[in-house]
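> Right, I'll just put the structure down here and ask away after.
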Protein chains: 2
Amino acid sequence: MRSSPYGFEIVENCSSCSFRDNTFFCSLAATALKAFDQASVASVYPGGSVLYVEGQAARGVFMICRGKAKLSIASRDGKSLITRVAHAGELLGVGSAILDAPYQATVETIEPCQIRHVKREEFIKFIREHADACYRVTEQLSHECHNANDHIRSLGLSHSASEKLAHLILAWCEEGGREGATGTRLKMMMTHHEVSQLIGTSRETVTRILGEMRERGILSIRGSTMVIHNRAALEAMVLL
Amino acid sequence: MRSSPYGFEIVENCSSCSFRDNTFFCSLAATALKAFDQASVASVYPGGSVLYVEGQAARGVFMICRGKAKLSIASRDGKSLITRVAHAGELLGVGSAILDAPYQATVETIEPCQIRHVKREEFIKFIREHADACYRVTEQLSHECHNANDHIRSLGLSHSASEKLAHLILAWCEEGGREGATGTRLKMMMTHHEVSQLIGTSRETVTRILGEMRERGILSIRGSTMVIHNRAALEAMVLL
DNA sequence: TTGCCACTGTGACTTCTGTCACGGGGAGGC
DNA sequence: GCCTCCCCGTGACAGAAGTCACAGTGGCAA
């Protein structure tokens, strides 16, 4: 390890890496891990770095060892949609690399990240030689499909922006909510604008709907923490 | 082979199957193919059969040897959205089988189909033992992700129903259009209602927009064939 | 402190499109 | 032939939400 400017150590060597846990792509047997280690290059990015841009040829895949990144797509007129937020342990750009197709999204780190990068050809060689890694890729891709389908369901099947927002808040409760006396507490680490990009609506409607939910006593917001008082009401709004 | 009620022969044996071409999942080396053959069961379905339903536990995967099937998702109030149309050579339900999660869509054949079915456990065993098949699964899943992302882009980023419809028609031109003297000809094998389910809008708007396009001379429709006279106009409508 | 900037909150207006309602037409069954 | 579906075409209307415009707020830096 050597020290880095972003407050954490760069892990040079996958075998001795402490971030890894068994949900990670890289939780592999020793030999495969070593091969992955040798094929890849570690680096550290500050928040806000762009790893790759939609439409670029897929030169390689990126593994998030630590940190989070947001994936988004944009239309020609500048509107953009956040497709998902990727966490540590995920592999980005695999689908495009395998198909040798352009990246379908733009990836931007949203906090300091440690990333490993593998060139396309080497990645393919790697997974063809290591069946276990290949299977892990199928798992990774299955997750991506799963998420994408959920997103399709939410975008295509909901009747109103409120429904989509309610759905999103419930999903947040699932993944990061802590139960408290007054309800489920969670950190909003997004601005209204970003939320609007996540559910495909406008910033103002997000503000308005949150305001309405607050008035109806469903939730309350102070600073960046949101408390959901009436989860049942949110669930009732969702017909998905 | 033995004869079947739906006008084509049931292929009992993958090795001697003539449907297979190298775009198919099952274009595998002899030993892997034999294993796949032994793990799977062939059957024939008429059009309109439901292979599996959204929300069911993923008991297995289905391989379309011949025919087409539509995948759709539904909301509680009965609205439904067609996520895609799967063609011969595709594997359905892989993602869910790998994650051991419920199927995310309902699959219904839209023409007589020959299908092979493999139980989940056997499928996983099969791909873990045959690296080449496993790699093919990553390809299949990459395609699914790719499609899903395109769908997300279309649903989430387009400003109007016309834009989505124009996008869809252009996609049809790509995959099944034949160039003629008056423009690109293609077969509409869908009702307006189904189209509306594909782009997440109502039947009436599809009718109206098509009518408008006809009036503007962009396309003309007779019976089930559509002729696109002015492809540029359609492209101009799409800002995706 | 002051200024700046990004974020949130609100009002007014307009457009899109979903919904309801109905009519016509073609295919298929009896 | 006739009846019954299903599909397409249209009109009227209302509600949802995008857009524009602007005010208030809070954090951060100079």
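Identifiers in this document derive from the order of the structure tokens: chains are assigned A, B, ..., residues are numbered from 1 separately in each chain, and ligands are numbered from 1 in order of occurrence.
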So that I can see what lies close to Arg128 in chain B, please list as a PyMOL selection string the residues with an atom at most 8 Å from it, counting only C-alpha atoms (C1' of nucleotides) and leaving out residues fewer than 4 positions away in the same chain.

(chain A and resi 131-132+135) or (chain B and resi 124+134)

> Pick out the chain D residues within 8 Å of chain B. Count only C-alpha atoms (C1' of nucleotides). Give them as a ChimeraX atom specification.

/D:7-9

> Output C-alpha atoms (C1' of nucleotides) of each residue in that selection to a file, as a PDB file, in the first residue's frame.


```pdb
ATOM      1  C1'  DC D   7     -59.164  -3.303 -34.299  1.00  0.00           C
ATOM      2  C1'  DC D   8     -58.844   1.435 -35.998  1.00  0.00           C
ATOM      3  C1'  DG D   9     -60.251   6.287 -36.168  1.00  0.00           C
TER       4       DG D   9
END
```

> Skip range 165-169 of chain A itself and residues of its chain fewer than 5 positions away, then list as a VMD selection string all residues within 9 Å of it, counting only C-alpha atoms (C1' of nucleotides).

chain A and resid 154 160 174 195 to 196 198 to 199 206 209 to 210 228 234 to 235 237 to 238 240

> Ranking B:Glu122, B:Glu54, B:Glu139, B:Glu90 by minimum distance to chain A and counting only C-alpha atoms, which one comes first?

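For chain A, the nearest of the given residues is B:Glu139.
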
> Counting only C-alpha atoms, which residues of chain A come no farther than 7 Å from chain B, as a list in words?

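Listed by rising number, the hits are Ser75, Arg76, Asp77, Leu81, Gly95, Ile98, Leu99, Ala131, Cys134, Tyr135, Val137, Thr138, Glu139, Leu141, Ser142, Glu144, Cys145, Ala148, Asn149, Ile152, Leu155, Gly156, Leu157, Gly200, Leu239 and Leu240 of chain A.
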
> Identify which of the residues B:Thr205, B:Asn230, B:Ser15, B:Ser224 lies closest to chain C, counting only C-alpha atoms (C1' of nucleotides) when measuring atom-to-atom distances.

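The shortest atom-to-atom distance to chain C comes from B:Thr205.
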
> Which chain C residues are at most 12 Å from chain B (counting only C-alpha atoms (C1' of nucleotides)), as a list of chain:residue names?

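The contacting residues on chain C are C:DT15, C:DC16, C:DT17, C:DG18, C:DT19, C:DC20, C:DG26.
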
> With a distance cut-off of 12 Å and only C-alpha atoms (C1' of nucleotides), select the neighbouring residues of DA12 in chain C, excluding the residue or stretch itself and same-chain residues fewer than 2 positions from it, and output the selection as a PyMOL selection string.

(chain C and resi 10+14) or (chain D and resi 19-22)

> Which polymer residues have any atom within 12 Å of an atom of DC4 in chain C, counting only C-alpha atoms (C1' of nucleotides), with same-chain residues fewer than 3 positions away left out, as an mmCIF file with N, CA and C atoms (P, O5', C5', C4', C3', O3' and C1' of nucleotides), in the first residue's frame?


```
data_model
loop_
_atom_site.group_PDB
_atom_site.id
_atom_site.type_symbol
_atom_site.label_atom_id
_atom_site.label_comp_id
_atom_site.auth_asym_id
_atom_site.auth_seq_id
_atom_site.Cartn_x
_atom_site.Cartn_y
_atom_site.Cartn_z
ATOM 1 P P DG D 26 -31.874 29.213 6.139
ATOM 2 O "O5'" DG D 26 -30.670 28.203 5.900
ATOM 3 C "C5'" DG D 26 -30.734 27.241 4.858
ATOM 4 C "C4'" DG D 26 -29.338 26.982 4.328
ATOM 5 C "C3'" DG D 26 -28.228 27.301 5.331
ATOM 6 O "O3'" DG D 26 -27.249 26.287 5.243
ATOM 7 C "C1'" DG D 26 -27.849 28.490 3.337
ATOM 8 P P DG D 27 -26.167 26.117 6.401
ATOM 9 O "O5'" DG D 27 -24.874 25.832 5.513
ATOM 10 C "C5'" DG D 27 -24.991 24.976 4.380
ATOM 11 C "C4'" DG D 27 -23.903 25.308 3.377
ATOM 12 C "C3'" DG D 27 -22.512 25.516 4.011
ATOM 13 O "O3'" DG D 27 -21.558 24.885 3.184
ATOM 14 C "C1'" DG D 27 -23.110 27.417 2.746
ATOM 15 P P DC D 28 -20.142 24.539 3.770
ATOM 16 O "O5'" DC D 28 -19.186 25.240 2.707
ATOM 17 C "C5'" DC D 28 -19.679 25.515 1.396
ATOM 18 C "C4'" DC D 28 -18.799 26.551 0.735
ATOM 19 C "C3'" DC D 28 -17.459 26.764 1.444
ATOM 20 O "O3'" DC D 28 -16.438 26.862 0.466
ATOM 21 C "C1'" DC D 28 -18.618 28.810 1.264
ATOM 22 P P DA D 29 -14.946 26.851 0.871
ATOM 23 O "O5'" DA D 29 -14.472 28.190 0.162
ATOM 24 C "C5'" DA D 29 -15.039 28.556 -1.106
ATOM 25 C "C4'" DA D 29 -14.671 29.987 -1.419
ATOM 26 C "C3'" DA D 29 -13.287 30.406 -0.922
ATOM 27 O "O3'" DA D 29 -12.700 31.269 -1.877
ATOM 28 C "C1'" DA D 29 -14.924 31.795 0.041
ATOM 29 P P DA D 30 -11.204 31.597 -1.826
ATOM 30 O "O5'" DA D 30 -11.248 33.178 -2.021
ATOM 31 C "C5'" DA D 30 -12.225 33.765 -2.888
ATOM 32 C "C4'" DA D 30 -12.432 35.211 -2.491
ATOM 33 C "C3'" DA D 30 -11.147 35.933 -2.093
ATOM 34 O "O3'" DA D 30 -11.146 37.238 -2.640
ATOM 35 C "C1'" DA D 30 -12.727 36.075 -0.353
#
```

> Run DSSP on the backbone and give me the residues of range 38-239 of chain B it puts in strand (DSSP E or B), as JSON, numbers by chain.

{"B": [40, 41, 42, 43, 44, 45, 50, 51, 52, 57, 60, 61, 62, 63, 64, 65, 66, 69, 70, 71, 72, 73, 74, 80, 81, 82, 83, 84, 85, 86, 91, 92, 102, 106, 107, 108, 109, 113, 114, 115, 116, 117, 118, 119, 178, 179, 184, 185, 186, 187, 219, 220, 221, 222, 225, 226, 227, 228]}
